[in-house]
Amino acid sequence: MSTPASSGIDQRAYWVRTLRKIVGPVFSALARAELKKLMPVGNRPGQEDRSSFTHLQALANSLQGAAPWLCLRGLSGEEENARLEMLGHVRAAVANATDPESPDLVNFTEGRQTIVDAAVFSLALLRSRESVWNHLGAEVRANVIRCLKATRKQNPPFNNWLLFAATTEAFLCAIGEDWDRMRIDYAIRQHEQWYKGDGMYGDGPFFHFDYYNSFVIQPMLAEVLQTVSMVTHEWDAFQEPALKRIQRYSQVLERMIAPDGSFPPLGRSLAGRTAAFHVLAHTALRQALPSGLSPAQVRCALDAVLRRVMEAGGDIRCQRVAARRLLRQPTLYRRAICLHREPLHEHRNLPPARPPARQRILAGAGRRMDPGESLVRKGRRRRPLSHRLRFAYPSSAMTSVCPSSPRKGAIKPKPNQKPYDLRHAIPLRQPTARPLEEA
Amino acid sequence: MSPPPVRNYWVATLEKTASPVFTALAAGELKMCMPVEEQPGANRASCTHLEAMARALDGIAPWLELRGLGGEEESKRAAMAASVIESLDKATHPKSPDFMDFGEHQALVDAGFLAQGLLRCRQRIWECLDGGTRSNVIRCLKATRARKPPFNNWLLFAAMIEAFLGSVGEDWDAMRVDYAIRQHEQWYKGDGVYGDGPFFHWDYYNSFVIQPMLLDVLAAVSRFTDQWNAFRKPVLERAQRYGAVLERIISPDGTFAPLGRSLAYRNGAFHLLGHLALLDALPPVLAPAQVRCALTAVMKRVMEPEGTFDEQGWLKIGLCGHQPGIGESYVSTGSLYFCLCGLVPLGLPPEHAFWSAPDEDWTSRRAWSGEDVQGDHCLIDYDSYILRVR
């Protein structure tokens with residue numbers, strides 16, 4: 001599959017269409033306060049009733065995925081019109097979802113599941129802060145904050161859920177509200193103890209063959225660490241290892257994508273579909289892809305996955321099943337995460353697309369291919385330079401979390417730190433500073 | 001009853017791959033004939049021949065052991081068995097031109113594979129060796145005791161050698177077995193996967209080495225001691241879970257994620273899945289026919305591309321054809337014969353459901369054609385699980 005360089009534009013148009021198709025109905029219904037009326041809620045027979053959570057899930061997962069795009073500046077034409085339209089819906093949707101008088105007031109108080117959904121909503125608001133949160137009225141903000149704080153009365157189970165509690169606090173921290181440091185400390189330190197090696201955390205004390213490292217654990221850990229680093233040095237030491245691990249896991253995920261865009265159906269929550277590649281999309285969005293993965297190769301790989309899960313073969317029955325699942329499982333909206341912030345002008349300058357690693361390997365005889373290498377502990381094994389993880393970020397790479405506009409209650413950057421640039425949170429390391437082999 | 005065509009394809013692949021090694025070695029000409037492809041300066045010529053013999057034998061042993069075959073397959077088997085018996089003499093006789101050095105570091109690994117292979121074909125190969133060859137083999141295996149394995153999956157090679165020695169009535173070192181079993185218990189990460197050493201790794205070593213060796217070591221020693229019997233149940237449960245994972249990693253068209261080191265071992269990545277089929281111990285979620293179809297699809301992807309073999313029929317470094325860059329510094333021509341370990345289900349007779357049941361799609365193929373599939377469930381096998389997560 002050698003895609004011509006120009007196809008990035010077409011792929012982007014397809015991604016935008018897909019995003020709008022998935023999240024458009026949620027935002028426009030909620031903007032008219034008609035989500036509860038219009039969205040069908042399907043429970044599998046025998047499953048517990050999820051109808052009290054489903055509306056917040058739809059909003060939070062959709063906004064989590066759409067947020068980076070909603071914050072993108074410098075678009076024009078049809079895509080910009082679509083973005084502005086969606087933005088209008090989203091602002092109204094957030095207001096309606098949290099207004100006690102609204103028929104679409106969503107549930108933030110009943111049931112442990114609200115810990116998850118409030119956190120996803122918090123992450124969505126963090127990611128869309130510039131274009132959504134900063135434009136909400138004071139009353140709406142007060143409603144949102146009250147709703148998020150209401151989840152504190154619950155205790156998350158001893159697994160990846162610790163990060164949900166932490167993410168909600170990280171958002172409160174970012175907007176200058178009072179925040180609970182212990183909820184953040186617990187999640188960060190516990191996950192450090194659950195680290196298994198080679199870029200993988202356990203979900204709880206044990207390793208699991210599923211995509212929760214990508215759905216939740218590593219993106220949330222990265223966002224939490226980065227957000228709190230704006231106000232305190234307390235957890236700075238965790239940033240560099242977390243970054244190395246997310247980069248290694250990005251590499252692993254890219255290699256999981258088969259030449260036909262399928263991926264191993266492993267573990268629970270497979271209906272999250274493309275959300276299995278949240279980590280890969282996240283590192284691409286942050287322009288923090290590991291060396292060895294070109295952005296174009298990741299775009300082509302994710303595009304293949306997106307088409308594989310959206311188009312579900314030519315079988316009409318499959319399409320119906322897919323459509324039904326899509327309608328009934330709001331968590332599916334999380335798939336929209338794949339759409340990231342890539343300004344159009346970047347597409348014009350993209351290098352010729354390079355097939356994903358897996359296709360290069362399978363492309364046939366005679367090609368040289370670097371072996372996949374494990375992330376090994378510093379100095380434990382000889383590692384060719386090309387396999388080292390690099391930490392150079394382009395400026396403005398990690399900017400979407402905190403805006404620069406000072407407003408009432410906004411946090412103050414730490415002294416001697418240029419705000420919002422991860423380079424200051426993560427010391428740059430020169431590749432030559434470390435001997436190749438210590439042992 | 002003639003064997004199913006797909007079995008003939010497997011047998012043909014086995015024969016095509018393994019016969020250059022054993023034909024040359026039986027004639028005492030392996031060192032002369034086998035080309036040594038390797039990374040520049042890797043210097044693997046001193047160990048590559050032992051690697052070729054041990055790994056090839058490990059993979060074809062279950063088939064060599066099979067009784068009740070008939071017709072063409074039996075004559076192929078008998079011819080191969082004769083070459084193997086001759087080869088073992090040539091490899092371990094001190095006066096042979098193909099005498100192999102079991103005293104070096106890498107030899108510990110391949111003596112481990114040799115021991116596993118010999119246990120797999122104990123009746124029809126080991127017990128058919130003459131007394132002199134047997135004592136030569138034993139002397140060679142014991143020579144590896146001079147080496148200390150690094151603190152990772154290599155502990156199992158030392159354990160496998162001792163388990164074999166114990167099985168054939170030789171003096172054996174129980175501590176080498178104990179160390180490997182208990183250390184891997186501590187390296188267990190959850191959901192059917194062990195660390196390779198203290199840390200988890202995204203590669204196929206759980207399938208190449210760790211889990212098949214743990215199963216075989218425990219099974220072998222259980223015949224003469226009961227001191228590690230308590231480990232057998234959790235080790236099998238984990239292997240079954242990882243077998244289910246491996247099956248799901250095989251994509252609809254027979255490719256699999258090229259993750260981690262030693263990808264040039266090709267379908268050896270599915271050693272554990274084949275081993276479970278061979279033991280008739282596949283997890284309940286996997287039908288034998290679906291595993292056969294999945295493994296056949298993989299075999300076609302990795303053994304058929306042009307460049308897989310050179311003109312003389314020796315394997316070339318690569319995963320899909322000839323890809324020299326995919327070989328690590330420790331990979332040379334002999335190492336590649338590990339791919340035969342993906343063929344261990346040939347040790348099941350043609351009447352077994354693995355071979356006789358009608359074709360069935362494997363999980364990924366079903367899931368990606370839109371068929372409704374069962375959810376995938378992680379393994380909860382740890383006694384302390386409830387306490388640790390609640």
# chains A, B, ... in the order shown; residues from 1 in each chain; ligands from 1

$ interface_residues --of "chain B" --to "chain A" --cutoff "7 Å" --atoms "only C-alpha atoms" --output "VMD selection string"
chain B and resid 189 to 191 199 to 202 245 248 to 249 251 255 257 to 261 305 to 307 320 to 327 364 368 to 370 375 to 378 389 to 390

$ write_last_selection --atoms "N, CA, C and O atoms" --output "compact mmCIF listing (two decimals), in the first residue's frame"
# COMPACT_ATOMS: atom_id res chain seq x y z
N LYS B 189 3.54 -12.11 35.69
CA LYS B 189 3.01 -10.73 35.65
C LYS B 189 1.50 -10.67 35.71
O LYS B 189 0.93 -9.63 36.01
N GLY B 190 0.84 -11.76 35.36
CA GLY B 190 -0.62 -11.75 35.31
C GLY B 190 -1.11 -12.10 33.92
O GLY B 190 -0.38 -11.98 32.94
N ASP B 191 -2.36 -12.53 33.84
CA ASP B 191 -3.05 -12.83 32.58
C ASP B 191 -2.25 -13.76 31.66
O ASP B 191 -2.24 -13.58 30.43
N PHE B 199 11.34 -8.27 34.30
CA PHE B 199 10.42 -7.36 33.62
C PHE B 199 9.66 -8.02 32.47
O PHE B 199 10.18 -8.89 31.78
N PHE B 200 8.45 -7.51 32.28
CA PHE B 200 7.65 -7.88 31.12
C PHE B 200 8.34 -7.39 29.85
O PHE B 200 8.96 -6.34 29.84
N HIS B 201 8.20 -8.17 28.77
CA HIS B 201 8.72 -7.73 27.47
C HIS B 201 7.71 -8.03 26.38
O HIS B 201 7.11 -9.10 26.35
N TRP B 202 7.58 -7.07 25.46
CA TRP B 202 6.73 -7.29 24.28
C TRP B 202 7.52 -8.10 23.26
O TRP B 202 8.14 -7.55 22.36
N VAL B 245 -4.38 -16.07 23.85
CA VAL B 245 -3.89 -14.76 23.40
C VAL B 245 -3.18 -14.90 22.05
O VAL B 245 -3.43 -14.13 21.12
N ARG B 248 -5.44 -15.16 19.17
CA ARG B 248 -6.08 -13.89 18.82
C ARG B 248 -5.11 -12.93 18.15
O ARG B 248 -5.53 -11.97 17.50
N ILE B 249 -3.82 -13.16 18.32
CA ILE B 249 -2.83 -12.27 17.69
C ILE B 249 -2.70 -12.58 16.20
O ILE B 249 -2.22 -11.75 15.43
N SER B 251 -3.73 -12.48 12.67
CA SER B 251 -4.70 -11.63 11.98
C SER B 251 -5.46 -12.44 10.94
O SER B 251 -5.11 -13.58 10.64
N THR B 255 -1.03 -12.96 9.28
CA THR B 255 0.12 -12.21 9.79
C THR B 255 0.01 -12.12 11.30
O THR B 255 -1.04 -12.42 11.88
N ALA B 257 1.62 -9.64 14.86
CA ALA B 257 2.32 -8.40 15.20
C ALA B 257 3.82 -8.65 15.30
O ALA B 257 4.25 -9.49 16.08
N PRO B 258 4.63 -7.94 14.51
CA PRO B 258 6.08 -8.14 14.56
C PRO B 258 6.67 -7.42 15.76
O PRO B 258 7.22 -6.34 15.63
N LEU B 259 6.54 -8.03 16.93
CA LEU B 259 6.93 -7.39 18.18
C LEU B 259 8.14 -8.05 18.80
O LEU B 259 8.19 -9.28 18.92
N GLY B 260 9.09 -7.23 19.22
CA GLY B 260 10.17 -7.75 20.03
C GLY B 260 11.25 -8.47 19.24
O GLY B 260 11.24 -8.51 18.01
N ARG B 261 12.16 -9.09 20.00
CA ARG B 261 13.33 -9.69 19.35
C ARG B 261 13.06 -11.09 18.82
O ARG B 261 12.04 -11.68 19.13
N PRO B 305 7.14 -17.12 1.24
CA PRO B 305 7.66 -16.00 0.44
C PRO B 305 9.02 -16.33 -0.18
O PRO B 305 9.82 -17.08 0.39
N GLU B 306 9.24 -15.76 -1.36
CA GLU B 306 10.50 -15.98 -2.04
C GLU B 306 11.65 -15.48 -1.17
O GLU B 306 11.52 -14.44 -0.52
N GLY B 307 12.73 -16.22 -1.14
CA GLY B 307 13.86 -15.79 -0.33
C GLY B 307 13.90 -16.44 1.05
O GLY B 307 14.84 -16.24 1.81
N CYS B 320 9.49 -12.55 6.65
CA CYS B 320 8.70 -12.72 5.44
C CYS B 320 9.70 -12.66 4.28
O CYS B 320 10.01 -11.59 3.79
N GLY B 321 10.25 -13.81 3.91
CA GLY B 321 11.29 -13.83 2.89
C GLY B 321 12.66 -13.54 3.51
O GLY B 321 12.89 -13.85 4.67
N HIS B 322 13.56 -12.95 2.72
CA HIS B 322 14.91 -12.68 3.20
C HIS B 322 15.01 -11.24 3.67
O HIS B 322 14.89 -10.31 2.87
N GLN B 323 15.16 -11.04 4.98
CA GLN B 323 15.25 -9.70 5.57
C GLN B 323 16.40 -9.70 6.56
O GLN B 323 16.18 -9.81 7.78
N PRO B 324 17.63 -9.59 6.07
CA PRO B 324 18.78 -9.75 6.96
C PRO B 324 18.76 -8.79 8.15
O PRO B 324 19.25 -9.13 9.23
N GLY B 325 18.17 -7.61 7.97
CA GLY B 325 18.17 -6.62 9.05
C GLY B 325 17.35 -7.04 10.25
O GLY B 325 17.50 -6.51 11.34
N ILE B 326 16.48 -8.02 10.07
CA ILE B 326 15.60 -8.42 11.16
C ILE B 326 16.34 -9.34 12.15
O ILE B 326 15.87 -9.58 13.27
N GLY B 327 17.51 -9.82 11.74
CA GLY B 327 18.27 -10.72 12.62
C GLY B 327 19.10 -9.95 13.63
O GLY B 327 19.84 -9.05 13.27
N SER B 364 -9.71 -14.02 15.16
CA SER B 364 -9.57 -12.72 14.54
C SER B 364 -10.29 -12.69 13.19
O SER B 364 -10.91 -11.70 12.82
N TRP B 368 -13.20 -10.00 12.55
CA TRP B 368 -13.04 -8.96 11.53
C TRP B 368 -13.88 -9.21 10.29
O TRP B 368 -13.83 -8.43 9.34
N SER B 369 -14.65 -10.30 10.28
CA SER B 369 -15.62 -10.42 9.21
C SER B 369 -17.00 -10.00 9.73
O SER B 369 -18.00 -10.17 9.06
N GLY B 370 -17.02 -9.47 10.94
CA GLY B 370 -18.28 -8.94 11.46
C GLY B 370 -19.12 -9.94 12.21
O GLY B 370 -20.18 -9.62 12.72
N GLY B 375 -16.69 -12.35 24.11
CA GLY B 375 -15.70 -11.46 24.72
C GLY B 375 -14.50 -12.25 25.18
O GLY B 375 -14.56 -13.45 25.41
N ASP B 376 -13.38 -11.56 25.31
CA ASP B 376 -12.13 -12.19 25.72
C ASP B 376 -11.94 -11.96 27.22
O ASP B 376 -12.03 -10.82 27.67
N HIS B 377 -11.70 -13.02 27.95
CA HIS B 377 -11.62 -12.87 29.40
C HIS B 377 -10.22 -13.12 29.91
O HIS B 377 -9.57 -14.10 29.54
N CYS B 378 -9.78 -12.24 30.78
CA CYS B 378 -8.43 -12.39 31.33
C CYS B 378 -8.42 -13.55 32.32
O CYS B 378 -9.46 -14.04 32.75
N VAL B 389 -6.76 -6.99 44.95
CA VAL B 389 -7.48 -5.97 44.18
C VAL B 389 -8.67 -5.39 44.91
O VAL B 389 -9.23 -4.41 44.46
N ARG B 390 -9.08 -5.99 45.98
CA ARG B 390 -10.31 -5.49 46.59
C ARG B 390 -10.01 -4.30 47.51
O ARG B 390 -9.02 -4.27 48.18

$ select_by_dssp --residues "region 108-314 of chain B" --states "alpha helix (DSSP H)" --output "PyMOL selection string"
chain B and resi 108-120+131-143+155-167+174-186+205+211-221+232-249+271-278+288-303

$ write_last_selection --atoms "C-alpha atoms" --output "mmCIF file, in the first residue's frame"
data_model
loop_
_atom_site.group_PDB
_atom_site.id
_atom_site.type_symbol
_atom_site.label_atom_id
_atom_site.label_comp_id
_atom_site.auth_asym_id
_atom_site.auth_seq_id
_atom_site.Cartn_x
_atom_site.Cartn_y
_atom_site.Cartn_z
ATOM 1 C CA LEU B 108 23.490 -23.952 27.212
ATOM 2 C CA VAL B 109 20.463 -22.749 25.249
ATOM 3 C CA ASP B 110 20.735 -25.335 22.553
ATOM 4 C CA ALA B 111 21.529 -28.177 24.905
ATOM 5 C CA GLY B 112 18.246 -27.153 26.547
ATOM 6 C CA PHE B 113 16.398 -27.403 23.233
ATOM 7 C CA LEU B 114 18.146 -30.720 22.548
ATOM 8 C CA ALA B 115 17.042 -32.076 25.924
ATOM 9 C CA GLN B 116 13.463 -30.973 25.280
ATOM 10 C CA GLY B 117 13.569 -32.566 21.834
ATOM 11 C CA LEU B 118 14.981 -35.836 23.123
ATOM 12 C CA LEU B 119 12.233 -36.045 25.729
ATOM 13 C CA ARG B 120 9.695 -35.498 22.973
ATOM 14 C CA GLY B 131 25.070 -47.126 24.226
ATOM 15 C CA GLY B 132 28.087 -45.188 23.008
ATOM 16 C CA THR B 133 25.997 -42.404 21.470
ATOM 17 C CA ARG B 134 23.867 -42.159 24.564
ATOM 18 C CA SER B 135 26.842 -41.703 26.828
ATOM 19 C CA ASN B 136 28.277 -39.166 24.373
ATOM 20 C CA VAL B 137 25.039 -37.166 24.453
ATOM 21 C CA ILE B 138 24.919 -37.287 28.243
ATOM 22 C CA ARG B 139 28.529 -36.204 28.535
ATOM 23 C CA CYS B 140 27.825 -33.286 26.172
ATOM 24 C CA LEU B 141 24.734 -32.196 28.104
ATOM 25 C CA LYS B 142 26.602 -32.328 31.398
ATOM 26 C CA ALA B 143 29.372 -30.196 29.909
ATOM 27 C CA LEU B 155 17.337 -20.539 33.810
ATOM 28 C CA LEU B 156 14.866 -22.866 32.103
ATOM 29 C CA PHE B 157 17.457 -24.288 29.725
ATOM 30 C CA ALA B 158 19.551 -25.450 32.654
ATOM 31 C CA ALA B 159 16.415 -26.889 34.267
ATOM 32 C CA MET B 160 15.387 -28.691 31.073
ATOM 33 C CA ILE B 161 18.783 -30.368 30.788
ATOM 34 C CA GLU B 162 18.573 -31.619 34.370
ATOM 35 C CA ALA B 163 14.979 -32.788 33.855
ATOM 36 C CA PHE B 164 16.141 -34.832 30.891
ATOM 37 C CA LEU B 165 19.082 -36.283 32.795
ATOM 38 C CA GLY B 166 16.767 -37.219 35.651
ATOM 39 C CA SER B 167 14.319 -38.792 33.219
ATOM 40 C CA ALA B 174 17.471 -30.640 41.552
ATOM 41 C CA MET B 175 18.548 -27.137 42.448
ATOM 42 C CA ARG B 176 18.835 -26.082 38.814
ATOM 43 C CA VAL B 177 15.215 -27.197 38.393
ATOM 44 C CA ASP B 178 14.048 -25.558 41.587
ATOM 45 C CA TYR B 179 15.689 -22.236 40.783
ATOM 46 C CA ALA B 180 14.038 -21.960 37.368
ATOM 47 C CA ILE B 181 10.567 -22.937 38.570
ATOM 48 C CA ARG B 182 10.506 -20.712 41.628
ATOM 49 C CA GLN B 183 12.100 -17.762 39.922
ATOM 50 C CA HIS B 184 9.577 -17.828 37.089
ATOM 51 C CA GLU B 185 6.799 -18.017 39.637
ATOM 52 C CA GLN B 186 8.091 -14.726 41.008
ATOM 53 C CA TYR B 205 9.730 -15.492 24.503
ATOM 54 C CA GLN B 211 5.969 -21.653 28.852
ATOM 55 C CA PRO B 212 6.684 -24.777 26.751
ATOM 56 C CA MET B 213 9.828 -25.380 28.824
ATOM 57 C CA LEU B 214 8.037 -24.842 32.138
ATOM 58 C CA LEU B 215 5.338 -27.316 31.095
ATOM 59 C CA ASP B 216 7.865 -29.883 29.915
ATOM 60 C CA VAL B 217 10.203 -29.531 32.879
ATOM 61 C CA LEU B 218 7.319 -29.938 35.326
ATOM 62 C CA ALA B 219 5.881 -32.903 33.414
ATOM 63 C CA ALA B 220 9.259 -34.619 33.176
ATOM 64 C CA VAL B 221 10.245 -34.271 36.815
ATOM 65 C CA ARG B 232 1.595 -27.749 37.516
ATOM 66 C CA LYS B 233 -1.963 -26.455 37.672
ATOM 67 C CA PRO B 234 -1.229 -22.709 37.631
ATOM 68 C CA VAL B 235 1.480 -23.192 34.997
ATOM 69 C CA LEU B 236 -0.967 -25.012 32.735
ATOM 70 C CA GLU B 237 -3.735 -22.448 33.294
ATOM 71 C CA ARG B 238 -1.387 -19.642 32.375
ATOM 72 C CA ALA B 239 -0.165 -21.484 29.303
ATOM 73 C CA GLN B 240 -3.750 -21.985 28.197
ATOM 74 C CA ARG B 241 -4.552 -18.320 28.631
ATOM 75 C CA TYR B 242 -1.445 -17.313 26.701
ATOM 76 C CA GLY B 243 -2.359 -19.848 24.028
ATOM 77 C CA ALA B 244 -5.706 -18.100 23.651
ATOM 78 C CA VAL B 245 -3.895 -14.759 23.397
ATOM 79 C CA LEU B 246 -1.563 -16.085 20.702
ATOM 80 C CA GLU B 247 -4.489 -17.336 18.682
ATOM 81 C CA ARG B 248 -6.082 -13.892 18.823
ATOM 82 C CA ILE B 249 -2.833 -12.273 17.694
ATOM 83 C CA HIS B 271 5.413 -22.781 19.678
ATOM 84 C CA LEU B 272 3.233 -22.629 22.775
ATOM 85 C CA LEU B 273 -0.022 -22.788 20.848
ATOM 86 C CA GLY B 274 1.238 -25.821 18.921
ATOM 87 C CA HIS B 275 2.585 -27.380 22.105
ATOM 88 C CA LEU B 276 -0.808 -27.072 23.819
ATOM 89 C CA ALA B 277 -2.467 -28.673 20.795
ATOM 90 C CA LEU B 278 0.104 -31.465 20.965
ATOM 91 C CA PRO B 288 -8.443 -27.744 17.534
ATOM 92 C CA ALA B 289 -9.528 -27.108 13.921
ATOM 93 C CA GLN B 290 -9.454 -23.343 14.361
ATOM 94 C CA VAL B 291 -5.936 -23.589 15.743
ATOM 95 C CA ARG B 292 -4.904 -25.755 12.795
ATOM 96 C CA CYS B 293 -6.329 -23.208 10.345
ATOM 97 C CA ALA B 294 -4.696 -20.302 12.157
ATOM 98 C CA LEU B 295 -1.287 -21.985 12.331
ATOM 99 C CA THR B 296 -1.526 -23.037 8.690
ATOM 100 C CA ALA B 297 -2.285 -19.448 7.687
ATOM 101 C CA VAL B 298 0.778 -18.264 9.619
ATOM 102 C CA MET B 299 2.955 -20.968 8.107
ATOM 103 C CA LYS B 300 1.972 -19.914 4.609
ATOM 104 C CA ARG B 301 2.831 -16.301 5.391
ATOM 105 C CA VAL B 302 6.254 -17.048 6.844
ATOM 106 C CA MET B 303 7.485 -20.112 4.954
#

$ residues_around --residues "region 13-30 of chain B" --least-positions-apart "3" --cutoff "7 Å" --atoms "only C-alpha atoms" --output "PyMOL selection string"
chain B and resi 9-10+33-34+52-53+56+83-84+86-87+90+96-98+313-314+340

$ atom_distance --atom1 "CA of Thr48 (chain B)" --atom2 "CA of Tyr204 (chain B)"
21.0 Å

$ residues_around --residues "Gln39 (chain B)" --least-positions-apart "3" --cutoff "9 Å" --atoms "only C-alpha atoms" --output "JSON, numbers by chain"
{"B": [42, 43, 324, 325, 327, 328, 329, 330, 331, 332]}

$ write_last_selection --atoms "N, CA and C atoms" --output "CSV table (one decimal), in the first residue's frame"
chain,number,residue,atom,x,y,z
B,42,ALA,N,29.6,-11.1,13.9
B,42,ALA,CA,28.9,-11.8,15.0
B,42,ALA,C,29.6,-13.0,15.4
B,43,ASN,N,30.4,-13.7,14.6
B,43,ASN,CA,31.1,-14.8,15.0
B,43,ASN,C,30.3,-16.0,15.6
B,324,PRO,N,17.6,-9.6,6.1
B,324,PRO,CA,18.8,-9.8,7.0
B,324,PRO,C,18.8,-8.8,8.1
B,325,GLY,N,18.2,-7.6,8.0
B,325,GLY,CA,18.2,-6.6,9.1
B,325,GLY,C,17.4,-7.0,10.2
B,327,GLY,N,17.5,-9.8,11.7
B,327,GLY,CA,18.3,-10.7,12.6
B,327,GLY,C,19.1,-10.0,13.6
B,328,GLU,N,19.0,-10.3,14.9
B,328,GLU,CA,19.8,-9.7,15.9
B,328,GLU,C,21.2,-10.3,15.8
B,329,SER,N,22.1,-9.8,16.7
B,329,SER,CA,23.5,-10.2,16.6
B,329,SER,C,23.7,-11.7,17.0
B,330,TYR,N,22.7,-12.2,17.7
B,330,TYR,CA,22.8,-13.6,18.1
B,330,TYR,C,22.1,-14.6,17.2
B,331,VAL,N,21.6,-14.0,16.1
B,331,VAL,CA,20.8,-14.9,15.1
B,331,VAL,C,21.7,-15.2,13.9
B,332,SER,N,21.9,-16.5,13.7
B,332,SER,CA,22.6,-17.0,12.5
B,332,SER,C,21.8,-18.1,11.9

$ select_by_dssp --residues "region 170-362 of chain B" --states "strand (DSSP E)" --output "list of chain:residue names"
B:Tyr188, B:Lys189, B:Gly190, B:Val193, B:Tyr194

$ write_last_selection --atoms "all heavy atoms" --output "tab-separated table (two decimals), in the first residue's frame"
chain	number	residue	atom	x	y	z
B	188	TYR	N	6.02	-13.96	37.34
B	188	TYR	CA	4.70	-13.99	36.71
B	188	TYR	C	4.06	-12.61	36.82
B	188	TYR	O	4.05	-12.01	37.89
B	188	TYR	CB	3.82	-15.05	37.38
B	188	TYR	CG	2.45	-15.12	36.76
B	188	TYR	CD1	2.29	-15.52	35.45
B	188	TYR	CD2	1.31	-14.75	37.48
B	188	TYR	CE1	1.04	-15.56	34.85
B	188	TYR	CE2	0.05	-14.80	36.90
B	188	TYR	CZ	-0.06	-15.20	35.58
B	188	TYR	OH	-1.31	-15.23	35.00
B	189	LYS	N	3.54	-12.11	35.69
B	189	LYS	CA	3.01	-10.73	35.65
B	189	LYS	C	1.50	-10.67	35.71
B	189	LYS	O	0.93	-9.63	36.01
B	189	LYS	CB	3.47	-10.03	34.37
B	189	LYS	CG	4.96	-9.90	34.23
B	189	LYS	CD	5.52	-9.00	35.31
B	189	LYS	CE	7.03	-9.08	35.36
B	189	LYS	NZ	7.55	-8.66	36.66
B	190	GLY	N	0.84	-11.76	35.36
B	190	GLY	CA	-0.62	-11.75	35.31
B	190	GLY	C	-1.11	-12.10	33.92
B	190	GLY	O	-0.38	-11.98	32.94
B	193	VAL	N	1.10	-14.38	31.45
B	193	VAL	CA	2.39	-14.00	30.88
B	193	VAL	C	3.44	-13.80	31.97
B	193	VAL	O	3.14	-13.28	33.05
B	193	VAL	CB	2.24	-12.76	29.97
B	193	VAL	CG1	1.98	-11.52	30.78
B	193	VAL	CG2	3.44	-12.58	29.08
B	194	TYR	N	4.65	-14.29	31.70
B	194	TYR	CA	5.78	-14.14	32.62
B	194	TYR	C	6.69	-13.04	32.11
B	194	TYR	O	6.79	-12.81	30.90
B	194	TYR	CB	6.60	-15.43	32.69
B	194	TYR	CG	5.85	-16.61	33.25
B	194	TYR	CD1	5.07	-17.42	32.42
B	194	TYR	CD2	5.93	-16.94	34.60
B	194	TYR	CE1	4.38	-18.51	32.93
B	194	TYR	CE2	5.23	-18.03	35.11
B	194	TYR	CZ	4.46	-18.81	34.27
B	194	TYR	OH	3.78	-19.87	34.77

$ closest_residue --among "A:Ile145, A:Leu38, A:Ala33, A:Leu125" --to "Ala67 (chain A)" --atoms "only C-alpha atoms"
A:Leu125

$ residues_around --residues "Glu65 (chain B)" --least-positions-apart "4" --cutoff "9 Å" --atoms "only C-alpha atoms" --output "VMD selection string"
chain B and resid 60 to 61 81 120 to 125 347

$ residues_around --residues "Pro35 (chain B)" --least-positions-apart "2" --cutoff "10 Å" --atoms "only C-alpha atoms" --output "list in words"
Leu30, Lys31, Met32, Cys33, Glu37, Glu38, Ala45, Thr48, His49, Asp310, Gln312, Trp314, Leu315, Lys316, Ser332, Thr333 and Gly334 of chain B

$ atom_distance --atom1 "CA of Gly318 (chain B)" --atom2 "CA of Ala264 (chain B)"
4.9 Å

$ residues_around --residues "Val26 (chain A)" --least-positions-apart "5" --cutoff "10 Å" --atoms "only C-alpha atoms" --output "VMD selection string"
chain A and resid 20 to 21 31 34 to 35 38 to 39 55 58 to 59 62 to 63 89 to 90 93 330 333
